[in-house]
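**Student:** Starting off with a structure, shown below.
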Amino acid sequence: MKRNIQVLLLLFTGVGLLHISLLTDLYLRYVRPGLRPALIASGVLLIVLGAVSAARDGFPFNRPRPDDDHDHGRRGHQGHGHDHSQGPRIAWLLYVPALTILFLAPPALGSYTAARDEAKAKAPTAGDSLFPALPRNGIVELSLNDFSSRAVWDTGGTLSGHTVRLTGFVTPGRHGTWYVSRLAISCCAADATVRKVRVHGASAPPADAWVTVTGTWHPTGKVGTDDASPALDATTVKRVPAPKDPYNDAVVTRPGR
């Protein structure tokens, strides 16, 4: 690969990382908030490496390196009319990922991923305080993770008799069904796991639309077994803006307004 291509890749990638992590919140589409300092440091390091390489090689003025004349003479002596050290012409395609980060950041994972991955509700462990009682009055806002765990594993039935509010994006299912969904990550989008709740009693908004669904628990299967699945009988479905951090499903349980 030509040195010019290597230098530009370092610079473009470094600038792209700084753009999404320092100047915008776009990095939240790919990693957890705690990794922001590492992204900034990586962007700075790449730019420094690119600048050092450019200064050493005389880029963009392409000053000949000391061994250029020697190599040219050797190639002429061998009778070759072309330079085998040149990279392939399609090497410019390596710019595409770096420029994409800089000018056209890919969206966060959404319904395409959620529809193709099995949702698993987290089971309580012996060290957990199991499921505390919910407020008796008003609408209770829950994370999809909390609601799903209660709907599948809470044999005490703390969801019964409560109206809850869930927020997530729309994932179409089979035969007209749909789910309100979230994706949770431990480190980055590559390890995303799915949380989704089937919605009954309301028409599906467009795929990937962010919505707040209010309703009551729809028991499905025997609670406390793998046959149970999270579902909700909806009373209202409201479109809402997408959050800055699409993977943060944490919600402080509180009565609705």
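By order in the structure tokens, chains are A, B, ...; within a chain, residues start at 1; ligands start at 1, following the order shown.
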Pick out the residues sitting within 8 Å of range 195-211 of chain A, and hand them over as an mmCIF file with N, CA, C and O atoms, in the first residue's frame; count only C-alpha atoms, and ignore anything fewer than 5 positions along from it in its own chain.
**Tutor:**
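Output below, filename around.cif:
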```
data_model
loop_
_atom_site.group_PDB
_atom_site.id
_atom_site.type_symbol
_atom_site.label_atom_id
_atom_site.label_comp_id
_atom_site.auth_asym_id
_atom_site.auth_seq_id
_atom_site.Cartn_x
_atom_site.Cartn_y
_atom_site.Cartn_z
ATOM 1 N N GLY A 110 -31.194 -1.598 15.435
ATOM 2 C CA GLY A 110 -32.624 -1.422 15.620
ATOM 3 C C GLY A 110 -33.420 -2.688 15.380
ATOM 4 O O GLY A 110 -33.003 -3.790 15.742
ATOM 5 N N SER A 111 -34.563 -2.538 14.715
ATOM 6 C CA SER A 111 -35.511 -3.647 14.574
ATOM 7 C C SER A 111 -34.947 -4.812 13.768
ATOM 8 O O SER A 111 -35.314 -5.962 14.001
ATOM 9 N N ALA A 114 -33.118 -6.775 16.343
ATOM 10 C CA ALA A 114 -34.035 -7.303 17.358
ATOM 11 C C ALA A 114 -34.912 -8.422 16.817
ATOM 12 O O ALA A 114 -35.222 -9.392 17.521
ATOM 13 N N ALA A 119 -35.038 -12.848 22.448
ATOM 14 C CA ALA A 119 -35.012 -12.068 23.679
ATOM 15 C C ALA A 119 -35.056 -13.000 24.877
ATOM 16 O O ALA A 119 -35.855 -13.935 24.928
ATOM 17 N N LYS A 120 -34.196 -12.753 25.836
ATOM 18 C CA LYS A 120 -34.146 -13.559 27.047
ATOM 19 C C LYS A 120 -34.235 -12.647 28.259
ATOM 20 O O LYS A 120 -33.399 -11.772 28.443
ATOM 21 N N ALA A 121 -35.256 -12.883 29.084
ATOM 22 C CA ALA A 121 -35.412 -12.088 30.295
ATOM 23 C C ALA A 121 -34.441 -12.573 31.355
ATOM 24 O O ALA A 121 -34.233 -13.776 31.530
ATOM 25 N N LEU A 144 -37.605 -1.966 29.962
ATOM 26 C CA LEU A 144 -38.017 -3.227 29.343
ATOM 27 C C LEU A 144 -37.358 -4.416 30.031
ATOM 28 O O LEU A 144 -37.947 -5.493 30.126
ATOM 29 N N ASN A 145 -36.155 -4.213 30.537
ATOM 30 C CA ASN A 145 -35.458 -5.292 31.224
ATOM 31 C C ASN A 145 -36.189 -5.670 32.508
ATOM 32 O O ASN A 145 -36.396 -6.858 32.797
ATOM 33 N N SER A 148 -39.670 -7.260 31.644
ATOM 34 C CA SER A 148 -39.505 -8.601 31.100
ATOM 35 C C SER A 148 -39.164 -9.606 32.199
ATOM 36 O O SER A 148 -39.705 -10.726 32.234
ATOM 37 N N THR A 167 -40.857 2.233 27.156
ATOM 38 C CA THR A 167 -40.357 3.016 26.029
ATOM 39 C C THR A 167 -39.311 2.221 25.267
ATOM 40 O O THR A 167 -38.409 1.620 25.865
ATOM 41 N N GLY A 168 -39.456 2.193 23.942
ATOM 42 C CA GLY A 168 -38.505 1.482 23.097
ATOM 43 C C GLY A 168 -38.839 1.704 21.628
ATOM 44 O O GLY A 168 -39.675 2.547 21.291
ATOM 45 N N PHE A 169 -38.188 0.947 20.760
ATOM 46 C CA PHE A 169 -38.457 1.074 19.328
ATOM 47 C C PHE A 169 -39.309 -0.099 18.846
ATOM 48 O O PHE A 169 -39.353 -1.169 19.463
ATOM 49 N N VAL A 170 -39.991 0.117 17.742
ATOM 50 C CA VAL A 170 -40.935 -0.868 17.211
ATOM 51 C C VAL A 170 -40.196 -1.935 16.414
ATOM 52 O O VAL A 170 -39.394 -1.623 15.524
ATOM 53 N N THR A 171 -40.494 -3.190 16.740
ATOM 54 C CA THR A 171 -39.965 -4.326 15.985
ATOM 55 C C THR A 171 -41.139 -5.140 15.455
ATOM 56 O O THR A 171 -41.903 -5.705 16.245
ATOM 57 N N PRO A 172 -41.333 -5.206 14.148
ATOM 58 C CA PRO A 172 -42.429 -6.011 13.599
ATOM 59 C C PRO A 172 -42.194 -7.502 13.852
ATOM 60 O O PRO A 172 -41.051 -7.982 13.830
ATOM 61 N N GLY A 176 -48.557 -9.847 11.652
ATOM 62 C CA GLY A 176 -49.109 -8.599 12.150
ATOM 63 C C GLY A 176 -48.772 -8.272 13.591
ATOM 64 O O GLY A 176 -49.207 -7.226 14.094
ATOM 65 N N THR A 177 -48.038 -9.138 14.270
ATOM 66 C CA THR A 177 -47.661 -8.836 15.652
ATOM 67 C C THR A 177 -46.514 -7.819 15.671
ATOM 68 O O THR A 177 -45.836 -7.618 14.676
ATOM 69 N N TRP A 178 -46.320 -7.191 16.823
ATOM 70 C CA TRP A 178 -45.193 -6.281 16.948
ATOM 71 C C TRP A 178 -44.742 -6.192 18.398
ATOM 72 O O TRP A 178 -45.471 -6.608 19.317
ATOM 73 N N TYR A 179 -43.551 -5.666 18.573
ATOM 74 C CA TYR A 179 -42.924 -5.608 19.888
ATOM 75 C C TYR A 179 -42.367 -4.212 20.135
ATOM 76 O O TYR A 179 -41.943 -3.525 19.194
ATOM 77 N N VAL A 180 -42.384 -3.791 21.398
ATOM 78 C CA VAL A 180 -41.598 -2.638 21.810
ATOM 79 C C VAL A 180 -40.281 -3.207 22.335
ATOM 80 O O VAL A 180 -40.275 -4.115 23.161
ATOM 81 N N SER A 181 -39.168 -2.695 21.824
ATOM 82 C CA SER A 181 -37.875 -3.356 22.020
ATOM 83 C C SER A 181 -36.796 -2.390 22.481
ATOM 84 O O SER A 181 -36.871 -1.182 22.256
ATOM 85 N N ARG A 182 -35.772 -2.945 23.091
ATOM 86 C CA ARG A 182 -34.534 -2.238 23.392
ATOM 87 C C ARG A 182 -33.383 -3.211 23.195
ATOM 88 O O ARG A 182 -33.547 -4.432 23.299
ATOM 89 N N LEU A 183 -32.209 -2.661 22.919
ATOM 90 C CA LEU A 183 -30.987 -3.451 22.838
ATOM 91 C C LEU A 183 -30.047 -2.974 23.935
ATOM 92 O O LEU A 183 -29.823 -1.770 24.092
ATOM 93 N N ALA A 184 -29.519 -3.911 24.704
ATOM 94 C CA ALA A 184 -28.589 -3.595 25.782
ATOM 95 C C ALA A 184 -27.192 -4.036 25.387
ATOM 96 O O ALA A 184 -27.021 -5.061 24.718
ATOM 97 N N SER A 229 -43.493 -15.458 28.634
ATOM 98 C CA SER A 229 -42.882 -14.431 27.786
ATOM 99 C C SER A 229 -43.522 -13.085 28.112
ATOM 100 O O SER A 229 -44.699 -13.022 28.471
ATOM 101 N N PRO A 230 -42.769 -11.993 28.004
ATOM 102 C CA PRO A 230 -43.305 -10.667 28.355
ATOM 103 C C PRO A 230 -44.261 -10.137 27.301
ATOM 104 O O PRO A 230 -43.959 -10.160 26.101
ATOM 105 N N ALA A 231 -45.407 -9.657 27.739
ATOM 106 C CA ALA A 231 -46.393 -9.089 26.821
ATOM 107 C C ALA A 231 -47.209 -8.039 27.558
ATOM 108 O O ALA A 231 -47.299 -8.037 28.792
ATOM 109 N N LEU A 232 -47.818 -7.146 26.785
ATOM 110 C CA LEU A 232 -48.540 -6.011 27.355
ATOM 111 C C LEU A 232 -49.829 -5.788 26.586
ATOM 112 O O LEU A 232 -49.837 -5.826 25.352
ATOM 113 N N ASP A 233 -50.939 -5.548 27.322
ATOM 114 C CA ASP A 233 -52.191 -5.096 26.707
ATOM 115 C C ASP A 233 -52.154 -3.572 26.681
ATOM 116 O O ASP A 233 -52.255 -2.917 27.735
ATOM 117 N N ALA A 234 -52.005 -2.998 25.491
ATOM 118 C CA ALA A 234 -51.793 -1.556 25.385
ATOM 119 C C ALA A 234 -53.096 -0.787 25.476
ATOM 120 O O ALA A 234 -54.124 -1.190 24.930
ATOM 121 N N THR A 235 -53.032 0.341 26.158
ATOM 122 C CA THR A 235 -54.146 1.293 26.168
ATOM 123 C C THR A 235 -53.810 2.517 25.319
ATOM 124 O O THR A 235 -54.697 3.091 24.676
ATOM 125 N N THR A 236 -52.533 2.906 25.313
ATOM 126 C CA THR A 236 -52.091 4.016 24.465
ATOM 127 C C THR A 236 -50.699 3.720 23.914
ATOM 128 O O THR A 236 -49.880 3.067 24.560
ATOM 129 N N VAL A 237 -50.459 4.227 22.708
ATOM 130 C CA VAL A 237 -49.141 4.143 22.077
ATOM 131 C C VAL A 237 -48.815 5.530 21.547
ATOM 132 O O VAL A 237 -49.557 6.068 20.725
ATOM 133 N N LYS A 238 -47.711 6.095 22.005
ATOM 134 C CA LYS A 238 -47.348 7.460 21.639
ATOM 135 C C LYS A 238 -45.956 7.478 21.026
ATOM 136 O O LYS A 238 -45.020 6.909 21.583
ATOM 137 N N ARG A 239 -45.829 8.146 19.869
ATOM 138 C CA ARG A 239 -44.514 8.312 19.243
ATOM 139 C C ARG A 239 -43.683 9.297 20.074
ATOM 140 O O ARG A 239 -44.181 10.340 20.510
ATOM 141 N N VAL A 240 -42.400 8.981 20.246
ATOM 142 C CA VAL A 240 -41.490 9.844 21.005
ATOM 143 C C VAL A 240 -40.172 9.956 20.244
ATOM 144 O O VAL A 240 -39.852 9.105 19.399
ATOM 145 N N PRO A 241 -39.369 10.981 20.509
ATOM 146 C CA PRO A 241 -38.059 11.088 19.855
ATOM 147 C C PRO A 241 -37.120 9.979 20.320
ATOM 148 O O PRO A 241 -37.214 9.503 21.454
ATOM 149 N N ALA A 242 -36.207 9.601 19.457
ATOM 150 C CA ALA A 242 -35.198 8.608 19.830
ATOM 151 C C ALA A 242 -34.264 9.208 20.873
ATOM 152 O O ALA A 242 -33.881 10.370 20.774
#
```
**Student:** For Val52 in chain A, which residue among A:Leu130, A:Leu8, A:Ala108, A:Leu28 is the nearest when counting only C-alpha atoms?
**Tutor:**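 For Val52 in chain A, the nearest of the candidates is A:Leu8.
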**Student:** Which one is closest to Pro33 in chain A: A:Ser53, A:Asn248, A:Thr225, A:Thr158? Count only C-alpha atoms.
**Tutor:**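 Closest residue, counting only C-alpha atoms: A:Asn248.
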**Student:** Tell me, as a short mmCIF file (atom, residue, chain, number, x, y, z; two decimals) with N, CA and C atoms, in the first residue's frame, which residues lie within 12 Å of Arg36 in chain A, counting only C-alpha atoms; anything in the same chain fewer than 2 positions away does not count.
**Tutor:**
```cif
data_model
loop_
_atom_site.label_atom_id
_atom_site.label_comp_id
_atom_site.auth_asym_id
_atom_site.auth_seq_id
_atom_site.Cartn_x
_atom_site.Cartn_y
_atom_site.Cartn_z
N LEU A 17 -13.09 9.68 14.62
CA LEU A 17 -13.30 9.30 16.02
C LEU A 17 -13.51 10.53 16.90
N LEU A 18 -12.71 11.57 16.68
CA LEU A 18 -12.88 12.79 17.46
C LEU A 18 -14.22 13.45 17.16
N HIS A 19 -14.65 13.38 15.90
CA HIS A 19 -15.93 14.00 15.53
C HIS A 19 -17.09 13.35 16.28
N ILE A 20 -17.14 12.01 16.30
CA ILE A 20 -18.30 11.34 16.91
C ILE A 20 -18.22 11.30 18.43
N SER A 21 -17.02 11.40 19.01
CA SER A 21 -16.89 11.26 20.46
C SER A 21 -16.70 12.58 21.19
N LEU A 22 -16.13 13.58 20.52
CA LEU A 22 -15.83 14.85 21.18
C LEU A 22 -16.82 15.95 20.82
N LEU A 23 -17.25 15.97 19.57
CA LEU A 23 -18.12 17.05 19.10
C LEU A 23 -19.60 16.67 19.05
N THR A 24 -19.91 15.39 19.10
CA THR A 24 -21.30 14.93 19.01
C THR A 24 -21.52 13.78 20.00
N ASP A 25 -22.75 13.27 20.03
CA ASP A 25 -23.09 12.10 20.85
C ASP A 25 -23.23 10.84 19.98
N LEU A 26 -22.74 10.89 18.76
CA LEU A 26 -22.91 9.76 17.85
C LEU A 26 -22.22 8.50 18.34
N TYR A 27 -21.18 8.65 19.16
CA TYR A 27 -20.47 7.47 19.64
C TYR A 27 -21.37 6.56 20.46
N LEU A 28 -22.46 7.12 21.03
CA LEU A 28 -23.38 6.32 21.83
C LEU A 28 -24.13 5.28 20.99
N ARG A 29 -24.06 5.41 19.67
CA ARG A 29 -24.66 4.39 18.81
C ARG A 29 -23.84 3.11 18.76
N TYR A 30 -22.60 3.20 19.22
CA TYR A 30 -21.68 2.07 19.03
C TYR A 30 -21.09 1.53 20.33
N VAL A 31 -20.90 2.39 21.34
CA VAL A 31 -20.25 1.94 22.58
C VAL A 31 -20.95 2.56 23.78
N ARG A 32 -20.60 2.07 24.97
CA ARG A 32 -21.14 2.62 26.20
C ARG A 32 -20.53 3.99 26.49
N PRO A 33 -21.23 4.83 27.25
CA PRO A 33 -20.72 6.18 27.53
C PRO A 33 -19.34 6.17 28.19
N GLY A 34 -19.06 5.15 29.00
CA GLY A 34 -17.78 5.10 29.70
C GLY A 34 -16.57 4.96 28.80
N ALA A 38 -11.65 6.77 25.97
CA ALA A 38 -10.79 5.90 25.16
C ALA A 38 -10.90 6.24 23.67
N LEU A 39 -12.11 6.58 23.21
CA LEU A 39 -12.28 6.96 21.81
C LEU A 39 -11.55 8.27 21.50
N ILE A 40 -11.66 9.23 22.42
CA ILE A 40 -10.98 10.51 22.21
C ILE A 40 -9.47 10.30 22.16
N ALA A 41 -8.96 9.51 23.11
CA ALA A 41 -7.52 9.24 23.13
C ALA A 41 -7.07 8.53 21.86
N SER A 42 -7.88 7.58 21.38
CA SER A 42 -7.53 6.86 20.15
C SER A 42 -7.51 7.79 18.94
N GLY A 43 -8.50 8.71 18.88
CA GLY A 43 -8.53 9.66 17.78
C GLY A 43 -7.31 10.57 17.77
N CYS A 187 -20.40 -3.65 26.32
CA CYS A 187 -19.23 -2.85 25.93
C CYS A 187 -19.53 -2.04 24.67
N CYS A 188 -19.93 -2.76 23.60
CA CYS A 188 -20.17 -2.09 22.33
C CYS A 188 -21.33 -2.79 21.62
#
```
**Student:** Tell me, which residues of range 121-198 of chain A carry DSSP strand (DSSP E or B), written as a list in words?
**Tutor:**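 Selection result, strand (DSSP E or B) within range 121-198 of chain A: Ile139, Val140, Glu141, Thr163, Val164, Arg165, Leu166, Thr167, Gly168, Phe169, Val170, Thr171, Pro172, Trp178, Tyr179, Val180, Ser181, Arg182, Leu183, Ala184, Cys188, Thr193, Val194, Arg195, Lys196, Val197 and Arg198 of chain A.
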**Student:** With only C-alpha atoms as the atoms that count, which of A:His175, A:Lys122, A:Arg150, A:Arg136 lies nearest to Thr163 in chain A?
**Tutor:**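 When distances to Thr163 in chain A are compared using only C-alpha atoms, the smallest one comes from A:Arg136.
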**Student:** Find the distance between CA of Asp245 in chain A and CA of Ser143 in chain A and write it in Å to one decimal.
**Tutor:**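 Between CA of Asp245 in chain A and CA of Ser143 in chain A the gap works out to 13.9 Å.
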**Student:** Between CA of Leu10 in chain A and CA of Ala55 in chain A, what is the spacing in Å?
**Tutor:**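 Computed distance, CA of Ala55 in chain A to CA of Leu10 in chain A, equals 13.4 Å.
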**Student:** Need the shell around Gly14 in chain A: protein/DNA/RNA residues with any atom at most 9 Å away, counting only C-alpha atoms. Skip same-chain ones fewer than 6 positions apart. Format as a PyMOL selection string?
**Tutor:** chain A and resi 40+42-48+50+98
**Student:** What would the file look like if the residues just selected were written as a PDB file, in the first residue's frame with all heavy atoms?
**Tutor:**
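File written: again20.pdb
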```
ATOM      1  N   ILE A  40     -11.664   9.233  22.422  1.00  0.00           N
ATOM      2  CA  ILE A  40     -10.978  10.508  22.213  1.00  0.00           C
ATOM      3  C   ILE A  40      -9.467  10.303  22.163  1.00  0.00           C
ATOM      4  O   ILE A  40      -8.776  10.832  21.285  1.00  0.00           O
ATOM      5  CB  ILE A  40     -11.360  11.500  23.322  1.00  0.00           C
ATOM      6  CG1 ILE A  40     -12.858  11.847  23.237  1.00  0.00           C
ATOM      7  CG2 ILE A  40     -10.515  12.771  23.232  1.00  0.00           C
ATOM      8  CD1 ILE A  40     -13.360  12.694  24.380  1.00  0.00           C
ATOM      9  N   SER A  42      -7.880   7.584  21.377  1.00  0.00           N
ATOM     10  CA  SER A  42      -7.535   6.859  20.148  1.00  0.00           C
ATOM     11  C   SER A  42      -7.513   7.794  18.944  1.00  0.00           C
ATOM     12  O   SER A  42      -6.631   7.706  18.082  1.00  0.00           O
ATOM     13  CB  SER A  42      -8.539   5.727  19.912  1.00  0.00           C
ATOM     14  OG  SER A  42      -8.511   4.781  20.967  1.00  0.00           O
ATOM     15  N   GLY A  43      -8.499   8.708  18.880  1.00  0.00           N
ATOM     16  CA  GLY A  43      -8.530   9.662  17.778  1.00  0.00           C
ATOM     17  C   GLY A  43      -7.313  10.566  17.767  1.00  0.00           C
ATOM     18  O   GLY A  43      -6.699  10.808  16.719  1.00  0.00           O
ATOM     19  N   VAL A  44      -6.937  11.058  18.951  1.00  0.00           N
ATOM     20  CA  VAL A  44      -5.749  11.923  19.042  1.00  0.00           C
ATOM     21  C   VAL A  44      -4.498  11.153  18.636  1.00  0.00           C
ATOM     22  O   VAL A  44      -3.643  11.659  17.889  1.00  0.00           O
ATOM     23  CB  VAL A  44      -5.605  12.471  20.473  1.00  0.00           C
ATOM     24  CG1 VAL A  44      -4.262  13.193  20.640  1.00  0.00           C
ATOM     25  CG2 VAL A  44      -6.759  13.408  20.809  1.00  0.00           C
ATOM     26  N   LEU A  45      -4.374   9.913  19.106  1.00  0.00           N
ATOM     27  CA  LEU A  45      -3.195   9.106  18.788  1.00  0.00           C
ATOM     28  C   LEU A  45      -3.085   8.851  17.287  1.00  0.00           C
ATOM     29  O   LEU A  45      -1.989   8.949  16.708  1.00  0.00           O
ATOM     30  CB  LEU A  45      -3.260   7.780  19.541  1.00  0.00           C
ATOM     31  CG  LEU A  45      -2.102   6.796  19.294  1.00  0.00           C
ATOM     32  CD1 LEU A  45      -0.778   7.437  19.687  1.00  0.00           C
ATOM     33  CD2 LEU A  45      -2.332   5.498  20.059  1.00  0.00           C
ATOM     34  N   LEU A  46      -4.204   8.543  16.637  1.00  0.00           N
ATOM     35  CA  LEU A  46      -4.176   8.287  15.195  1.00  0.00           C
ATOM     36  C   LEU A  46      -3.764   9.541  14.420  1.00  0.00           C
ATOM     37  O   LEU A  46      -3.014   9.461  13.439  1.00  0.00           O
ATOM     38  CB  LEU A  46      -5.542   7.792  14.728  1.00  0.00           C
ATOM     39  CG  LEU A  46      -5.930   6.378  15.158  1.00  0.00           C
ATOM     40  CD1 LEU A  46      -7.372   6.075  14.757  1.00  0.00           C
ATOM     41  CD2 LEU A  46      -4.993   5.349  14.543  1.00  0.00           C
ATOM     42  N   ILE A  47      -4.277  10.691  14.840  1.00  0.00           N
ATOM     43  CA  ILE A  47      -3.905  11.935  14.157  1.00  0.00           C
ATOM     44  C   ILE A  47      -2.417  12.229  14.349  1.00  0.00           C
ATOM     45  O   ILE A  47      -1.724  12.642  13.410  1.00  0.00           O
ATOM     46  CB  ILE A  47      -4.765  13.102  14.677  1.00  0.00           C
ATOM     47  CG1 ILE A  47      -6.210  12.926  14.221  1.00  0.00           C
ATOM     48  CG2 ILE A  47      -4.216  14.437  14.190  1.00  0.00           C
ATOM     49  CD1 ILE A  47      -7.169  13.962  14.771  1.00  0.00           C
ATOM     50  N   VAL A  48      -1.911  12.007  15.557  1.00  0.00           N
ATOM     51  CA  VAL A  48      -0.483  12.229  15.809  1.00  0.00           C
ATOM     52  C   VAL A  48       0.360  11.288  14.957  1.00  0.00           C
ATOM     53  O   VAL A  48       1.356  11.706  14.331  1.00  0.00           O
ATOM     54  CB  VAL A  48      -0.169  12.034  17.300  1.00  0.00           C
ATOM     55  CG1 VAL A  48       1.343  12.023  17.535  1.00  0.00           C
ATOM     56  CG2 VAL A  48      -0.817  13.136  18.134  1.00  0.00           C
ATOM     57  N   GLY A  50      -0.489   9.893  12.143  1.00  0.00           N
ATOM     58  CA  GLY A  50      -0.609  10.319  10.752  1.00  0.00           C
ATOM     59  C   GLY A  50       0.246  11.536  10.456  1.00  0.00           C
ATOM     60  O   GLY A  50       0.902  11.616   9.409  1.00  0.00           O
ATOM     61  N   ALA A  98     -13.523   5.056   7.003  1.00  0.00           N
ATOM     62  CA  ALA A  98     -13.107   6.256   7.726  1.00  0.00           C
ATOM     63  C   ALA A  98     -13.973   7.459   7.358  1.00  0.00           C
ATOM     64  O   ALA A  98     -14.386   8.234   8.228  1.00  0.00           O
ATOM     65  CB  ALA A  98     -11.636   6.537   7.436  1.00  0.00           C
TER      66      ALA A  98
END
```
